[in-house]
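Engineer: Input structure: final.cif, which contains mmCIF, C-alpha atoms.
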```cif
data_work
loop_
_atom_site.group_PDB
_atom_site.id
_atom_site.type_symbol
_atom_site.label_atom_id
_atom_site.label_comp_id
_atom_site.auth_asym_id
_atom_site.auth_seq_id
_atom_site.Cartn_x
_atom_site.Cartn_y
_atom_site.Cartn_z
ATOM 1 C CA GLY R 1 36.218 47.613 125.100
ATOM 2 C CA ALA R 2 38.099 46.575 121.970
ATOM 3 C CA VAL R 3 40.596 44.334 123.759
ATOM 4 C CA GLN R 4 37.832 42.468 125.601
ATOM 5 C CA ALA R 5 35.778 42.067 122.415
ATOM 6 C CA ILE R 6 38.749 40.594 120.554
ATOM 7 C CA GLN R 7 39.544 38.245 123.441
ATOM 8 C CA GLN R 8 35.916 37.084 123.681
ATOM 9 C CA SER R 9 35.638 36.526 119.930
ATOM 10 C CA ASN R 10 38.360 33.846 119.960
ATOM 11 C CA TYR R 11 39.593 35.424 116.724
ATOM 12 C CA GLY R 12 42.704 33.277 116.777
ATOM 13 C CA ARG R 13 45.193 35.770 115.343
ATOM 14 C CA PRO R 14 47.031 38.638 117.002
ATOM 15 C CA VAL R 15 45.345 42.027 116.666
ATOM 16 C CA ALA R 16 47.239 45.242 117.395
ATOM 17 C CA VAL R 17 45.034 47.556 119.450
ATOM 18 C CA PHE R 18 45.864 51.229 119.987
ATOM 19 C CA ASP R 19 43.951 54.009 121.711
ATOM 20 C CA PHE R 20 44.305 57.615 122.811
ATOM 21 C CA ASP R 21 45.023 59.215 126.181
ATOM 22 C CA ALA R 22 47.671 56.934 127.700
ATOM 23 C CA SER R 23 45.639 56.754 130.904
ATOM 24 C CA ALA R 24 46.841 54.778 133.903
ATOM 25 C CA ASP R 25 44.681 51.845 132.720
ATOM 26 C CA ASP R 26 46.216 52.093 129.251
ATOM 27 C CA VAL R 27 49.740 52.090 130.702
ATOM 28 C CA ALA R 28 48.909 48.998 132.761
ATOM 29 C CA ALA R 29 47.444 47.261 129.698
ATOM 30 C CA ILE R 30 50.536 48.075 127.619
ATOM 31 C CA LYS R 31 52.743 46.664 130.379
ATOM 32 C CA ALA R 32 50.538 43.544 130.508
ATOM 33 C CA GLY R 33 50.718 43.142 126.733
ATOM 34 C CA THR R 34 46.975 43.415 126.127
ATOM 35 C CA LEU R 35 47.171 46.878 124.518
ATOM 36 C CA THR R 36 49.746 47.524 121.790
ATOM 37 C CA GLY R 37 49.987 51.258 122.309
ATOM 38 C CA SER R 38 48.349 54.515 123.228
ATOM 39 C CA VAL R 39 48.866 58.095 122.088
ATOM 40 C CA ALA R 40 49.624 60.471 124.946
ATOM 41 C CA GLN R 41 48.090 63.838 124.071
ATOM 42 C CA PHE R 42 49.386 66.014 126.945
ATOM 43 C CA PRO R 43 46.168 67.934 127.666
ATOM 44 C CA GLU R 44 47.975 70.513 129.782
ATOM 45 C CA LEU R 45 49.964 71.563 126.700
ATOM 46 C CA GLN R 46 46.796 71.588 124.592
ATOM 47 C CA ALA R 47 45.146 73.903 127.124
ATOM 48 C CA GLU R 48 48.218 76.132 127.236
ATOM 49 C CA GLY R 49 48.176 76.449 123.430
ATOM 50 C CA ALA R 50 44.449 77.173 123.375
ATOM 51 C CA ILE R 51 44.786 79.903 125.991
ATOM 52 C CA LYS R 52 47.713 81.470 124.150
ATOM 53 C CA ALA R 53 45.751 81.422 120.874
ATOM 54 C CA ALA R 54 42.727 82.996 122.579
ATOM 55 C CA LEU R 55 44.855 85.752 124.105
ATOM 56 C CA ASP R 56 46.579 86.363 120.766
ATOM 57 C CA ALA R 57 43.199 86.573 119.010
ATOM 58 C CA LEU R 58 41.935 89.048 121.613
ATOM 59 C CA ALA R 59 45.077 91.105 121.040
ATOM 60 C CA GLY R 60 44.306 91.223 117.310
ATOM 61 C CA LYS R 61 47.187 89.003 116.264
ATOM 62 C CA THR R 62 46.895 86.760 113.207
ATOM 63 C CA LEU R 63 46.745 83.113 114.190
ATOM 64 C CA GLU R 64 48.297 80.234 112.328
ATOM 65 C CA PRO R 65 45.629 78.077 110.634
ATOM 66 C CA ILE R 66 46.957 74.940 112.370
ATOM 67 C CA THR R 67 48.378 74.601 115.852
ATOM 68 C CA GLN R 68 50.368 71.493 116.589
ATOM 69 C CA THR R 69 50.727 70.157 120.091
ATOM 70 C CA LYS R 70 52.869 67.410 121.498
ATOM 71 C CA ALA R 71 51.733 63.811 121.102
ATOM 72 C CA GLU R 72 53.713 60.670 121.853
ATOM 73 C CA LEU R 73 53.098 57.062 120.952
ATOM 74 C CA ILE R 74 53.478 54.908 124.059
ATOM 75 C CA THR R 75 54.357 51.248 123.439
ATOM 76 C CA LYS R 76 56.106 48.449 125.281
ATOM 77 C CA ASP R 77 59.382 50.037 124.195
ATOM 78 C CA ASN R 78 58.882 53.288 126.122
ATOM 79 C CA VAL R 79 56.063 52.621 128.588
ATOM 80 C CA GLU R 80 58.354 52.383 131.611
ATOM 81 C CA ALA R 81 60.001 55.744 130.872
ATOM 82 C CA PHE R 82 56.606 57.355 130.229
ATOM 83 C CA ALA R 83 55.124 55.921 133.435
ATOM 84 C CA SER R 84 58.075 57.029 135.565
ATOM 85 C CA ALA R 85 57.965 60.579 134.138
ATOM 86 C CA ARG R 86 54.218 60.956 134.700
ATOM 87 C CA PRO R 87 53.248 62.992 137.759
ATOM 88 C CA LYS R 88 51.741 60.865 140.512
ATOM 89 C CA SER R 89 48.174 61.766 141.407
#
```
Rewrite the structure of this file - the entire thing - as structure tokens.
Structural biologist:
Amino acid sequence: GAVQAIQQSNYGRPVAVFDFDASADDVAAIKAGTLTGSVAQFPELQAEGAIKAALDALAGKTLEPITQTKAELITKDNVEAFASARPKS
């Protein structure tokens, strides 16, 4: 999307493009240098937190107003480590 639009526009100056999800395509684009970075959101940890909060609410516990989950910025500096740690599908 954004990367292709910038390339087709012949803008002439570098544009840093970031996105969310750190998908396999995103990782490949970061390695290729066409995507500056992507935020890995770790959906399995988000789901785990949501389930815990739901169970706590059902048990009558008071929930924190904000729940933080892990997120990591993936760039050329750490893409290899991120890719090698990712489970293979």
Engineer: For atom CA of R:Ala5 and atom CA of R:Asp19, determine how far apart the two atoms are, in Å to one decimal place.
Structural biologist: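 Those two atoms sit 14.5 Å apart.
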Engineer: Report, in Å with one decimal, the straight-line distance from atom CA of R:Ala47 to atom CA of R:Ile66.
Structural biologist: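 If I compute the distance from atom CA of R:Ala47 to atom CA of R:Ile66, I get 14.9 Å.
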Engineer: For each of R:Ser84, R:Ala71, R:Ile6, R:Lys76, take the minimum atom-to-atom distance to R:Glu44, counting only C-alpha atoms, then give the residue where this is smallest.
Structural biologist: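 That would be R:Ala71, the residue with the smallest distance to R:Glu44.
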Engineer: Under the PyMOL selection byres ((chain R and resi 30) around 12), which residues of this model are included? Write them out as a count of residues only.
Structural biologist: 32
Engineer: Rounded to one decimal, what separation in Å do you get between atom CA of R:Ala85 and atom CA of R:Gln41?
Structural biologist: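 Atom-to-atom, atom CA of R:Ala85 and atom CA of R:Gln41 are spaced 14.5 Å apart.
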Engineer: Kindly indicate which residue among R:Thr69, R:Leu63, R:Gln4, R:Pro14 lies nearest to R:Glu48, using all atoms listed in the file for the distances.
Structural biologist: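 Selected residue with least distance to R:Glu48: R:Thr69.
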Engineer: Which one of R:Asp56, R:Gly49, R:Thr67, R:Glu72 sits closest to R:Phe20 if you count only C-alpha atoms?
Structural biologist: R:Glu72
Engineer: Provide an axis-aligned box for all listed atoms of stretch 79-87 of chain R, padding each side by 8 Å; report its centre and its edge lengths in Å to one decimal, as AutoDock Vina command-line options.
Structural biologist:
```
--center_x 56.6 --center_y 57.7 --center_z 133.2 --size_x 22.8 --size_y 26.6 --size_z 25.2
```
Engineer: Choose the residue, out of R:Leu58, R:Asp21, R:Val15, R:Ala2, that has the smallest atom-to-atom separation from R:Pro43; count all atoms listed in the file.
Structural biologist: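 With all atoms listed in the file as the atom set, the closest residue is R:Asp21.
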